[in-house]
Structure formats: C-alpha cells, structure tokens
$ cat entry-v4.cif   # mmCIF, C-alpha atoms and all ligand atoms
data_upload
loop_
_atom_site.label_atom_id
_atom_site.label_comp_id
_atom_site.auth_asym_id
_atom_site.auth_seq_id
_atom_site.Cartn_x
_atom_site.Cartn_y
_atom_site.Cartn_z
CA MET R 1 -10.02 14.78 -13.53
CA LEU R 2 -6.56 16.23 -12.81
CA PRO R 3 -5.35 18.12 -9.77
CA PRO R 4 -5.80 21.85 -10.52
CA GLU R 5 -2.09 22.70 -10.41
CA LEU R 6 -1.57 20.14 -13.15
CA SER R 7 -4.39 21.13 -15.48
CA ALA R 8 -3.28 24.75 -15.08
CA LEU R 9 0.12 23.71 -16.36
CA PHE R 10 -1.19 21.99 -19.47
CA GLY R 11 -3.86 24.50 -20.25
CA VAL R 12 -1.70 27.54 -21.04
CA ALA R 13 0.24 28.38 -24.18
CA ASP R 14 1.52 31.78 -23.11
CA PRO R 15 5.10 31.38 -21.77
CA ALA R 16 4.67 33.90 -18.95
CA ALA R 17 1.44 32.32 -17.75
CA ARG R 18 3.04 28.94 -18.03
CA ASP R 19 5.91 30.13 -15.83
CA VAL R 20 3.43 31.20 -13.20
CA ALA R 21 1.67 27.83 -13.40
CA TRP R 22 4.98 26.01 -13.08
CA ARG R 23 5.97 28.06 -10.06
CA ARG R 24 2.66 27.23 -8.46
CA PHE R 25 3.23 23.55 -9.22
CA VAL R 26 6.68 23.66 -7.59
CA GLU R 27 5.29 25.46 -4.54
CA THR R 28 2.59 22.84 -4.15
CA HIS R 29 4.90 19.86 -4.48
CA SER R 30 8.35 20.91 -3.32
CA ARG R 31 7.85 19.21 0.06
CA LEU R 32 7.02 15.98 -1.72
CA VAL R 33 9.99 16.15 -4.11
CA LEU R 34 12.35 16.95 -1.24
CA TYR R 35 10.93 14.01 0.70
CA ALA R 36 11.63 11.72 -2.26
CA ALA R 37 15.15 13.11 -2.70
CA ARG R 38 15.97 12.63 0.99
CA SER R 39 14.61 9.10 0.91
CA ILE R 40 17.37 8.27 -1.59
CA ASP R 41 20.21 10.25 -0.02
CA ARG R 42 20.06 11.82 3.42
CA ASN R 43 23.03 14.06 2.72
CA HIS R 44 21.74 17.64 2.41
CA ASP R 45 23.73 18.70 -0.66
CA ALA R 46 23.05 15.48 -2.52
CA ALA R 47 19.34 15.78 -1.72
CA MET R 48 19.22 19.38 -2.98
CA ASP R 49 20.97 18.33 -6.19
CA ALA R 50 18.50 15.53 -6.69
CA TYR R 51 15.62 17.91 -5.97
CA ALA R 52 16.77 20.27 -8.72
CA TYR R 53 17.31 17.35 -11.08
CA VAL R 54 13.79 16.01 -10.53
CA LEU R 55 12.20 19.41 -11.22
CA GLU R 56 14.28 19.80 -14.35
CA GLN R 57 13.23 16.37 -15.59
CA LEU R 58 9.56 17.03 -14.85
CA GLN R 59 9.68 20.25 -16.81
CA ARG R 60 11.51 18.70 -19.75
CA ASP R 61 9.96 18.11 -23.19
CA ASP R 62 6.88 20.12 -22.41
CA PHE R 63 6.17 18.25 -19.14
CA ARG R 64 6.30 14.88 -20.89
CA ARG R 65 6.35 12.91 -17.62
CA LEU R 66 3.52 14.85 -16.03
CA ARG R 67 1.47 14.36 -19.18
CA ALA R 68 2.07 10.62 -18.84
CA TYR R 69 0.34 10.74 -15.45
CA ALA R 70 -2.55 12.66 -16.97
CA ALA R 71 -2.96 9.88 -19.53
CA ASP R 72 -3.02 7.08 -16.96
CA ASP R 73 -4.08 8.38 -13.56
CA ARG R 74 -4.88 5.22 -11.67
CA GLY R 75 -3.69 6.39 -8.26
CA ARG R 76 -3.46 9.71 -6.50
CA PHE R 77 -1.15 12.26 -8.06
CA SER R 78 0.95 12.70 -4.91
CA THR R 79 1.57 8.95 -4.65
CA TRP R 80 2.56 8.78 -8.30
CA LEU R 81 4.85 11.78 -7.93
CA VAL R 82 6.72 10.27 -4.96
CA LEU R 83 7.39 7.15 -7.05
CA VAL R 84 8.49 9.06 -10.15
CA ALA R 85 10.67 11.45 -8.14
CA ARG R 86 12.40 8.52 -6.42
CA ARG R 87 13.08 6.83 -9.74
CA LEU R 88 14.51 10.05 -11.16
CA CYS R 89 16.73 10.47 -8.09
CA LEU R 90 18.03 6.91 -8.54
CA ASP R 91 18.74 7.64 -12.22
CA GLN R 92 20.72 10.68 -11.20
CA VAL R 93 22.76 8.70 -8.68
CA ARG R 94 23.49 6.13 -11.39
CA GLN R 95 24.55 8.80 -13.86
CA ARG R 96 26.72 10.55 -11.35
CA TYR R 97 28.56 7.65 -9.80
CA GLY R 98 28.53 5.39 -12.80
CA ARG R 99 26.93 2.03 -13.17
CA ARG R 100 29.75 -0.09 -11.87
CA GLN R 101 30.29 1.47 -8.51
CA SER R 102 26.62 1.79 -7.76
CA GLU R 103 26.05 -1.82 -8.72
CA ASP R 104 28.84 -2.98 -6.43
CA GLU R 105 27.33 -0.94 -3.65
CA GLN R 106 23.94 -2.37 -4.40
CA SER R 107 25.15 -5.96 -4.35
CA HIS R 108 26.97 -5.33 -1.08
CA GLU R 109 23.81 -3.81 0.33
CA ALA R 110 21.71 -6.71 -0.95
CA HIS R 111 24.09 -9.12 0.77
CA GLU R 112 23.82 -7.18 4.02
CA THR R 113 20.03 -7.02 3.99
CA ARG R 114 19.83 -10.73 3.18
CA ARG R 115 22.04 -11.52 6.16
CA ARG R 116 19.93 -9.26 8.38
CA LEU R 117 16.76 -10.95 7.17
CA LEU R 118 18.13 -14.41 7.91
CA ASP R 119 19.33 -13.34 11.37
CA HIS R 120 15.94 -11.94 12.28
CA VAL R 121 14.00 -14.90 10.98
CA ALA R 122 16.40 -17.34 12.67
CA GLU R 123 15.78 -15.56 15.95
CA GLU R 124 12.04 -15.46 15.39
CA VAL R 125 11.63 -19.17 14.63
CA ASP R 126 14.05 -20.07 17.44
CA VAL R 127 16.46 -22.12 15.40
CA ALA R 128 18.43 -23.24 18.48
CA THR R 129 15.41 -25.14 19.78
CA ILE R 130 14.76 -26.80 16.45
CA ALA R 131 18.40 -27.89 16.27
CA ASN R 132 18.20 -29.43 19.75
CA GLU R 133 15.01 -31.28 18.93
CA GLY R 134 16.80 -32.79 15.96
CA ASP R 135 19.71 -33.70 18.22
CA ARG R 136 17.55 -35.77 20.51
CA ASP R 137 16.50 -38.19 17.82
CA ALA R 138 19.73 -38.51 15.95
CA GLU R 139 23.17 -37.00 15.71
CA MET R 140 21.83 -34.58 13.12
CA ARG R 141 22.41 -30.99 13.87
CA PHE R 142 22.44 -27.74 12.02
CA ARG R 143 25.89 -26.47 11.42
CA VAL R 144 26.22 -22.72 11.38
CA GLU R 145 26.98 -22.52 7.70
CA GLU R 146 24.10 -24.80 6.82
CA LEU R 147 21.68 -22.68 8.73
CA GLY R 148 21.84 -19.73 6.35
CA ASP R 149 21.24 -22.01 3.38
CA ALA R 150 18.38 -23.82 5.05
CA LEU R 151 16.67 -20.57 6.00
CA ALA R 152 17.18 -19.03 2.59
CA GLN R 153 15.66 -22.12 0.98
CA ALA R 154 12.74 -22.12 3.37
CA LEU R 155 12.03 -18.50 2.51
CA ALA R 156 12.41 -19.11 -1.22
CA ALA R 157 9.88 -21.95 -0.99
CA LEU R 158 7.21 -19.68 0.51
CA ALA R 159 4.38 -18.30 -1.59
CA PRO R 160 5.41 -14.84 -2.89
CA ALA R 161 2.76 -13.07 -0.80
CA ASP R 162 4.11 -14.77 2.34
CA ARG R 163 7.71 -13.98 1.43
CA LEU R 164 6.69 -10.35 0.93
CA LEU R 165 5.22 -10.32 4.42
CA ILE R 166 8.43 -11.70 5.94
CA LYS R 167 10.60 -9.22 4.03
CA LEU R 168 8.50 -6.20 4.96
CA ARG R 169 8.68 -7.21 8.60
CA PHE R 170 12.23 -8.49 9.04
CA GLN R 171 14.23 -7.05 6.15
CA ASP R 172 12.61 -3.64 5.86
CA GLY R 173 11.76 -3.45 9.57
CA LEU R 174 8.22 -2.15 9.08
CA SER R 175 5.73 -2.05 11.92
CA VAL R 176 2.74 -4.35 11.69
CA PRO R 177 0.27 -1.46 11.20
CA GLU R 178 2.44 -0.17 8.35
CA ILE R 179 2.39 -3.61 6.73
CA ALA R 180 -1.38 -3.77 7.15
CA ARG R 181 -1.61 -0.47 5.27
CA ILE R 182 0.57 -1.68 2.40
CA LEU R 183 -1.13 -5.05 2.06
CA LYS R 184 -4.59 -3.57 2.61
CA ALA R 185 -5.31 -5.99 5.44
CA PRO R 186 -8.53 -5.16 7.26
CA THR R 187 -6.71 -4.78 10.60
CA PRO R 188 -3.11 -5.08 11.92
CA PHE R 189 -4.35 -8.05 13.91
CA HIS R 190 -4.75 -9.95 10.66
CA ILE R 191 -1.10 -9.30 9.82
CA TYR R 192 0.00 -10.66 13.21
CA ARG R 193 -1.96 -13.81 12.55
CA ARG R 194 -0.54 -14.22 9.04
CA LEU R 195 3.01 -13.56 10.29
CA ASN R 196 2.68 -16.22 12.97
CA ALA R 197 1.35 -18.70 10.44
CA VAL R 198 4.19 -18.03 7.98
CA LEU R 199 6.85 -18.22 10.70
CA ALA R 200 5.37 -21.54 11.82
CA GLN R 201 5.68 -22.71 8.23
CA VAL R 202 9.36 -21.68 8.10
CA ARG R 203 9.95 -23.36 11.43
CA ALA R 204 8.35 -26.58 10.21
CA ALA R 205 10.43 -26.49 7.01
CA LEU R 206 13.61 -26.10 9.07
CA ALA R 207 12.63 -28.88 11.47
CA ARG R 208 11.95 -31.19 8.53
CA ARG R 209 15.36 -30.43 7.11
CA GLY R 210 17.04 -30.85 10.47
CA VAL R 211 15.50 -34.24 11.08
CA GLU R 212 15.27 -35.76 7.68
CA ASP R 213 17.84 -34.08 5.54
CA PRO R 214 20.93 -33.08 7.48
CA GLU R 215 23.12 -32.93 4.40
CA PRO R 216 22.08 -30.30 1.91
CA MET U 1 18.67 -11.76 -6.32
CA SER U 2 19.90 -8.51 -7.83
CA ALA U 3 20.69 -10.16 -11.16
CA GLU U 4 17.07 -11.29 -11.37
CA GLN U 5 15.92 -7.80 -10.58
CA THR U 6 17.76 -6.11 -13.40
CA GLU U 7 16.39 -8.61 -15.93
CA ARG U 8 12.81 -8.13 -14.87
CA GLU U 9 10.79 -5.09 -15.70
CA HIS U 10 9.56 -2.97 -12.84
CA PRO U 11 5.86 -2.08 -12.82
CA SER U 12 5.15 1.48 -13.99
CA ALA U 13 4.85 4.29 -11.45
CA GLY U 14 1.14 4.46 -12.32
CA VAL U 15 0.57 0.82 -11.44
CA LEU U 16 2.58 1.06 -8.20
CA ALA U 17 0.70 4.24 -7.24
CA ALA U 18 -2.59 2.42 -7.78
CA PHE U 19 -1.25 -0.43 -5.64
CA VAL U 20 -0.35 1.98 -2.83
CA ASP U 21 -3.68 3.83 -3.05
CA GLY U 22 -5.71 0.62 -3.14
CA THR U 23 -7.26 1.39 -6.52
CA LEU U 24 -5.61 -1.53 -8.31
CA PRO U 25 -7.98 -4.44 -9.03
CA LEU U 26 -7.47 -7.47 -6.80
CA ALA U 27 -6.28 -9.66 -9.69
CA GLU U 28 -3.49 -7.19 -10.50
CA ARG U 29 -2.55 -6.74 -6.85
CA ALA U 30 -1.40 -10.36 -6.63
CA ALA U 31 1.06 -9.88 -9.50
CA ILE U 32 2.46 -6.74 -7.87
CA GLU U 33 2.82 -8.51 -4.50
CA SER U 34 4.79 -11.26 -6.26
CA HIS U 35 7.07 -8.69 -7.83
CA LEU U 36 7.54 -6.85 -4.53
CA ALA U 37 8.45 -10.09 -2.76
CA ASP U 38 11.67 -10.28 -4.78
CA CYS U 39 12.33 -6.69 -5.86
CA ASP U 40 14.03 -4.59 -3.19
CA VAL U 41 13.92 -1.48 -5.39
CA CYS U 42 10.15 -1.41 -5.89
CA ARG U 43 9.54 -2.42 -2.27
CA ALA U 44 11.55 0.58 -1.12
CA ASP U 45 9.52 2.78 -3.53
CA VAL U 46 6.23 1.48 -2.16
CA ILE U 47 7.32 1.94 1.45
CA SER U 48 8.35 5.52 0.74
CA ALA U 49 5.08 6.31 -1.00
CA VAL U 50 3.00 4.78 1.79
CA ARG U 51 4.95 6.67 4.43
CA PHE U 52 4.45 9.93 2.57
CA ALA U 53 0.75 9.34 2.10
CA ARG U 54 -0.03 8.39 5.73
CA PRO U 55 -3.47 6.96 6.39
CA ARG U 56 -6.29 9.04 5.07
CA VAL U 57 -9.31 9.79 7.18
CA THR U 58 -12.15 8.72 4.97
CA VAL U 59 -15.05 9.86 7.09
CA ARG U 60 -14.50 13.24 8.60
CA ARG U 61 -16.53 14.21 11.61
CA TRP U 62 -16.39 17.60 13.18
CA TYR U 63 -17.84 18.06 16.59
CA LEU U 64 -18.30 21.79 16.82
CA PRO U 65 -19.77 24.03 19.45
CA ALA U 66 -23.24 25.14 18.43
CA ALA U 67 -22.33 28.69 17.49
CA ALA U 68 -19.35 27.63 15.41
CA ALA U 69 -21.44 24.99 13.67
CA ALA U 70 -24.04 27.57 12.77
CA ALA U 71 -21.30 29.75 11.33
CA VAL U 72 -20.04 26.87 9.20
CA LEU U 73 -23.53 26.07 7.95
CA LEU U 74 -23.97 29.68 7.07
CA ALA U 75 -20.65 29.82 5.25
CA LEU U 76 -21.55 26.70 3.31
CA ALA U 77 -24.92 28.11 2.35
CA ILE U 78 -23.34 31.36 1.23
CA GLY U 79 -20.67 29.57 -0.72
CA ARG U 80 -23.22 27.50 -2.57
CA GLU U 81 -25.95 29.99 -3.23
CA ARG U 82 -24.06 33.25 -3.01
CA ALA U 83 -26.76 34.36 -0.67
CA PRO U 84 -26.52 37.73 1.02
CA MET U 85 -25.40 37.74 4.64
CA VAL U 86 -28.24 36.81 6.93
CA THR U 87 -28.34 36.32 10.67
CA ARG U 88 -29.55 33.05 12.02
CA GLU U 89 -30.53 31.62 15.35
CA PRO U 90 -27.71 29.47 16.73
CA VAL U 91 -28.45 25.75 16.76
CA THR U 92 -29.32 24.58 20.25
CA ARG U 93 -28.02 21.01 20.04
CA GLU U 94 -24.43 20.23 19.09
CA PRO U 95 -24.80 18.83 15.61
CA VAL U 96 -22.48 16.36 13.93
CA ILE U 97 -21.47 17.52 10.48
CA THR U 98 -20.32 14.75 8.22
CA THR U 99 -18.96 15.60 4.82
CA THR U 100 -20.06 12.21 3.53
CA GLU U 101 -22.04 9.58 5.36
CA ALA U 102 -20.34 6.20 5.58
CA PRO U 103 -22.13 3.20 4.07
CA VAL U 104 -23.39 0.56 6.48
CA ALA U 105 -22.77 -3.11 5.76
CA LEU U 106 -26.18 -4.70 6.42
CA ALA U 107 -25.71 -8.39 5.57
CA PRO U 108 -24.15 -10.90 6.02
CA ARG U 109 -23.35 -10.59 9.70
CA GLY U 110 -22.78 -13.55 12.03
CA VAL U 111 -23.65 -17.01 10.72
CA VAL U 112 -25.37 -17.08 7.36
CA SER U 113 -26.36 -19.67 4.79
CA ARG U 114 -25.38 -19.93 1.14
CA PRO U 115 -25.59 -18.30 -1.32
CA VAL U 116 -24.07 -15.30 0.43
CA ARG U 117 -25.64 -12.03 -0.61
CA LEU U 118 -23.88 -8.85 0.45
CA VAL U 119 -26.18 -5.92 1.14
CA TRP U 120 -25.36 -2.37 2.19
CA THR U 121 -26.98 1.03 2.52
CA GLN U 122 -27.04 3.53 -0.29
CA VAL U 123 -24.77 6.55 -0.02
CA ALA U 124 -25.85 9.87 -1.44
CA PHE U 125 -23.85 10.92 -4.52
CA ALA U 126 -21.99 7.61 -4.68
CA ASP U 127 -21.66 6.45 -8.26
CA SER U 128 -19.99 3.14 -7.53
CA TYR U 129 -19.49 0.68 -4.68
CA ARG U 130 -16.50 -1.57 -4.14
CA VAL U 131 -16.91 -4.70 -2.04
CA THR U 132 -13.96 -6.63 -0.63
CA LEU U 133 -14.12 -10.02 1.04
CA PHE U 134 -11.27 -11.15 3.33
CA ASP U 135 -10.43 -14.56 4.67
CA ASP U 136 -9.58 -15.31 8.28
CA ALA U 137 -5.96 -14.26 7.73
CA GLY U 138 -6.98 -10.89 6.31
CA ARG U 139 -6.16 -11.78 2.72
CA ALA U 140 -8.47 -10.23 0.19
CA ILE U 141 -10.11 -13.14 -1.64
CA TYR U 142 -12.78 -11.38 -3.65
CA GLU U 143 -13.42 -7.89 -4.85
CA THR U 144 -16.03 -6.45 -7.11
CA GLN U 145 -17.35 -3.09 -8.09
CA THR U 146 -21.00 -2.33 -8.74
CA ARG U 147 -23.54 0.50 -8.96
CA ASP U 148 -26.03 -1.63 -7.03
CA THR U 149 -26.35 -1.85 -3.25
CA SER U 150 -26.10 -5.64 -3.15
CA THR U 151 -24.21 -8.44 -4.81
CA PHE U 152 -23.82 -12.21 -4.53
CA VAL U 153 -20.51 -13.88 -3.72
CA PRO U 154 -19.92 -16.03 -6.84
CA ASP U 155 -19.67 -19.82 -6.52
CA SER U 156 -16.06 -19.67 -7.69
CA ILE U 157 -15.19 -18.14 -4.31
CA HIS U 158 -15.31 -21.13 -2.03
CA LEU U 159 -16.38 -20.18 1.49
CA GLU U 160 -15.44 -22.85 4.04
CA PRO U 161 -18.08 -23.53 6.70
CA ARG U 162 -16.98 -22.50 10.21
CA GLU U 163 -14.13 -20.32 8.86
CA GLY U 164 -14.34 -16.65 9.76
CA TYR U 165 -14.67 -14.16 6.90
CA PHE U 166 -14.74 -10.40 6.86
CA TRP U 167 -16.16 -7.95 4.42
CA LYS U 168 -16.37 -4.25 3.94
CA MET U 169 -17.58 -1.98 1.23
CA GLU U 170 -16.51 1.41 0.02
CA ALA U 171 -18.60 3.97 -1.78
CA GLN U 172 -16.96 6.15 -4.40
CA THR U 173 -18.14 9.67 -3.85
CA GLY U 174 -15.73 11.49 -6.11
CA TRP U 175 -12.56 11.16 -8.04
CA ASN U 176 -10.31 8.91 -5.94
CA ARG U 177 -12.53 9.53 -2.93
CA TRP U 178 -13.98 6.58 -1.10
CA VAL U 179 -15.85 6.23 2.16
CA ALA U 180 -15.65 2.83 3.80
CA SER U 181 -18.05 0.85 5.94
CA GLU U 182 -16.92 -0.91 9.09
CA LEU U 183 -15.40 -4.34 8.76
CA ILE U 184 -18.02 -7.04 9.39
CA GLU U 185 -17.30 -10.65 10.36
CA PHE U 186 -19.43 -13.57 9.20
CA SER U 187 -19.24 -17.30 8.69
CA VAL U 188 -21.17 -19.80 6.60
CA ASP U 189 -23.57 -22.22 8.27
CA PRO U 190 -22.43 -25.78 7.45
CA ALA U 191 -26.00 -27.11 7.61
CA GLY U 192 -27.74 -24.41 5.58
CA ARG U 193 -27.03 -24.94 1.90
ZN ZN R 301 10.76 -3.81 -9.27
#
$ encode --input "entry-v4.cif" --output "structure tokens"
Amino acid sequence: MLPPELSALFGVADPAARDVAWRRFVETHSRLVLYAARSIDRNHDAAMDAYAYVLEQLQRDDFRRLRAYAADDRGRFSTWLVLVARRLCLDQVRQRYGRRQSEDEQSHEAHETRRRLLDHVAEEVDVATIANEGDRDAEMRFRVEELGDALAQALAALAPADRLLIKLRFQDGLSVPEIARILKAPTPFHIYRRLNAVLAQVRAALARRGVEDPEP
Amino acid sequence: MSAEQTEREHPSAGVLAAFVDGTLPLAERAAIESHLADCDVCRADVISAVRFARPRVTVRRWYLPAAAAAAVLLALAIGRERAPMVTREPVTREPVITTTEAPVALAPRGVVSRPVRLVWTQVAFADSYRVTLFDDAGRAIYETQTRDTSTFVPDSIHLEPREGYFWKMEAQTGWNRWVASELIEFSVDPAGR
C-alpha cells in the first residue's frame, strides 16, 4: 500500500495529469527535501541547489527511484525519502567539488571527530585517575601520546553495538533519549545503564594497559 | 576508518529506513548496528532521518468536552454511513475516544517460572502481533511476530534466573501502524523449572 501522492504519480499516463500529480507530490514533500538538503549544507544557496537537484533526480527516468521504493517499502515513505534525498545531496556535492577535495575534507573531518570522541571518552572515564593509580604501583604512567592510542584501541576492542553507543553519545553528541529512539531501547534509562557499563569496560581496559602494558 | 568505509557497501535506503522505523527484523538490526558503529556516513543519515521523524504517538487519546465529542461521533457516523444530518442528545459524561485500543501485556509479570509464556489481550482489527524481549540493559534479545495472542520464549533464548527482563508487544492495525503495550518487567524464578 503506497502513500496516495505516490500511487497518483504512477497511476497516470496523461502528461498533464501527471504534471498535476507531480506538483502535488512536491507540495507534500518539499519540507522534507529541504530538511535533507539543509542537513548536508546549511548555506541557503547550496541547500536550494541541492533541493532542485533532488527533485530533478526523483523525477528522472519515469520516477525510477520512487518506483524502487514502491517495490521494496519496508519502512515509512518519509523516512526512506529523507535517506534518499541526503544521498542525492551528497552525490551532488561530490560532483560539484570533485572527488579529491571532498575526500580531503572528509578525512580531515574524520580526524577531527575521532579526536573529539577520544577527548570526550577520556574525560568520561577519568583517565587522570587511572594514570595515577598506575603510578602508585610502579613508575608506569600514560604519556599523552600513548593515551590516544590506548583509548582508540579500547574502543576498537568493544563489541560493535557498544562502540555504536559510544559514538552516538560522544562523537555525534546525541542525547540519551535520542539514542534510545535509534537503538529501540525500551526506555532512556536503559541507555544510561548500558553507557555506564561500556564506559566501565573502557576504563578497565585502560587501567589494564596502564598497569600491565606501559609500552604499546 | 574512511578507507574502510569506501570499500564497504552501505545498506540500501530501504533497509536503513526499516531500521529507523523499527520494522527491520531483530536479526538484521544487529548487522546494521555493526555497520553504523564504523560508518560515519550512514550514522549521519540515520540521525537525520530519526530527527525528521520525531517520536510517533501510537495511541492517540482525545479528551473532549461532551458537546464536542458528540459532534465528532456524529461526524464519524456521517462519514461512514453517509447518513443524513440528525440531531442527537449531547453525551453527559466526558468520553475518551481512542482511535485504537492499546494491547495489554498480561503475562509474565513479576517472578515467573519456566517455560515463559507471553500472553496479551487481543486488539480489534489487528492482523499481527510483534513481541520483543529486552534484557536488563535494554538490548532486544528476542523478537517474534504472530497472529496469536500468546507465544512461548524458545529454549534457545537463555533467561538467567534473578536477572531482570522486559517485554512489550505491538499490534499491527494497518500498514506500518502499530500500537504498543506498556513495557513489563519480569524475572525467572531460580527454583521453579
Ligand atoms: Zn554506511
């Protein structure tokens, strides 16, 4: 069962009627497409360009992309459309600015977010305390440059579901209720509990490294 | 990290949409969570889609003044039967109009013995029920869909005695429309086999 504005689009052969159906489709979903465009680039002109590009692509080849949704509608149409519109916007950015530059930007951005993630997690697990505890027993101590490595390794060793939790919270900066919604947790309280457990795990991994394995 | 990402294939928009909307089977959810853990691009997509969708109110309740409620009832009746306009006595109590009644999770609640049988109330017009079992940390550990109003937790799902578990069920009342029960906590009696 398709949303009405979509079945109306596929159902008509007459070009004029089809135009009307398309206009209705655009009216219904322009807010959504604009939202997707702005989520990629906040700049007004760039967002408007992307908006036009998305509509053009949706209309192309007899609504090929929209027909793909009709063939495999496993989620709600609006959710699907946000995802497709975002991917189209990213394609447009790539076409416009070329692969190289955008990849450089992406790798710079990835580096920045990784650093931010490590900073947040370091703060959360109270690395200073762990380092001091290690100090008491031996002359072992985290050096600043080792810390990033140790944290990154601790995160990489987590189960993927736990790493996802940490990234949503500390890299993407989502609120706990938002995370609960994404991970379909029964309540936000469950996410708090899981977060605490995972952070304790990271903390323990760091402590082990600090005490037993000072040289990476 | 980004080199890995370009080599791997991203899940289709359809699969991610199902993930966001909670219609993806539990077994497939785990694979998507693994992908999201190391793919910044798809994670950003999912976050955007979730933020656009906002939480849906699954059970709508309108508390209306009596006269307004009567008017709504009348409008509904007219819409359905194309009846001619009739005047009606206003309802004296303030009624609660629910578009769809929510299912009630009947059992298990509290401490129960094995095997664990999940039982819930029938919902009018529901053609399918989806049951989800969560562990203490809120991780979904079992999910099944049935037309029945009860089901057993299979032996393959190991329920630790004394651990807290939660369960809820959702009734499908239309295309992509679900009404959910409340979340119920239970644990398994270590003595009772
Ligand atoms: Zn991806």
$ residues_around --input "entry-v4.cif" --residues "U:Thr121" --least-positions-apart "6" --cutoff "9 Å" --atoms "only C-alpha atoms" --output "MDAnalysis selection string"
chainID U and resid 102:106 149:150
$ closest_residue --input "entry-v4.cif" --among "R:Val54, R:Arg87, R:Asp19, R:Asp41" --to "ligand ZN 301 (chain R)" --atoms "all atoms listed in the file"
R:Arg87
$ residues_near_ligand --input "entry-v4.cif" --ligand "ligand ZN 301 (chain R)" --cutoff "7 Å" --atoms "all atoms listed in the file" --output "list in words"
Gln5, Glu9, His10, Pro11, His35, Leu36, Cys39, Asp40, Val41 and Cys42 of chain U
$ atom_distance --input "entry-v4.cif" --atom1 "atom CA of R:Asp172" --atom2 "atom CA of R:Thr187"
19.9 Å
$ closest_residue --input "entry-v4.cif" --among "R:Leu58, R:Val33, R:Ala52, R:Ala154" --to "chain U" --atoms "only C-alpha atoms"
R:Val33
$ residues_around --input "entry-v4.cif" --residues "stretch 113-121 of chain R" --least-positions-apart "5" --cutoff "8 Å" --atoms "only C-alpha atoms" --output "ChimeraX atom specification"
/R:148,151-152,167,170-171,199
$ interface_residues --input "entry-v4.cif" --of "chain U" --to "chain R" --cutoff "8 Å" --atoms "all atoms listed in the file" --output "PyMOL selection string"
chain U and resi 1-2+13-24+30+33-34+36-38+45-50+52-53+55+134+136-140+175-176+183
$ atom_distance --input "entry-v4.cif" --atom1 "atom CA of U:Val179" --atom2 "atom CA of U:Val123"
9.2 Å
$ residues_around --input "entry-v4.cif" --residues "R:Phe63" --least-positions-apart "5" --cutoff "10 Å" --atoms "all atoms listed in the file" --output "ChimeraX atom specification"
/R:6,9-10,22,56-58,68
$ atom_distance --input "entry-v4.cif" --atom1 "atom CA of U:Glu143" --atom2 "atom CA of U:Arg29"
11.1 Å
$ closest_residue --input "entry-v4.cif" --among "U:Ile32, U:Ala44, U:Val131, U:Val188" --to "U:Pro108" --atoms "all atoms listed in the file"
U:Val188
$ residues_near_point --input "entry-v4.cif" --point "(-12.0, -11.5, -3.6)" --cutoff "8 Å" --atoms "all atoms listed in the file" --output "PyMOL selection string"
chain U and resi 26+132-134+140-144+157
$ axis_aligned_box --input "entry-v4.cif" --around "stretch 9-20 of chain R" --padding-each-side "5 Å" --output "AutoDock Vina command-line options"
--center_x 1.0 --center_y 27.9 --center_z -18.7 --size_x 19.8 --size_y 21.9 --size_z 21.0
$ residues_near_point --input "entry-v4.cif" --point "(-27.8, -27.5, 9.2)" --cutoff "12 Å" --atoms "all atoms listed in the file" --output "number ranges by chain"
U: 111-114, 161-162, 188-193
$ closest_residue --input "entry-v4.cif" --among "R:Arg38, R:Arg96, R:His29, R:Arg67" --to "R:Leu55" --atoms "all atoms listed in the file"
R:His29
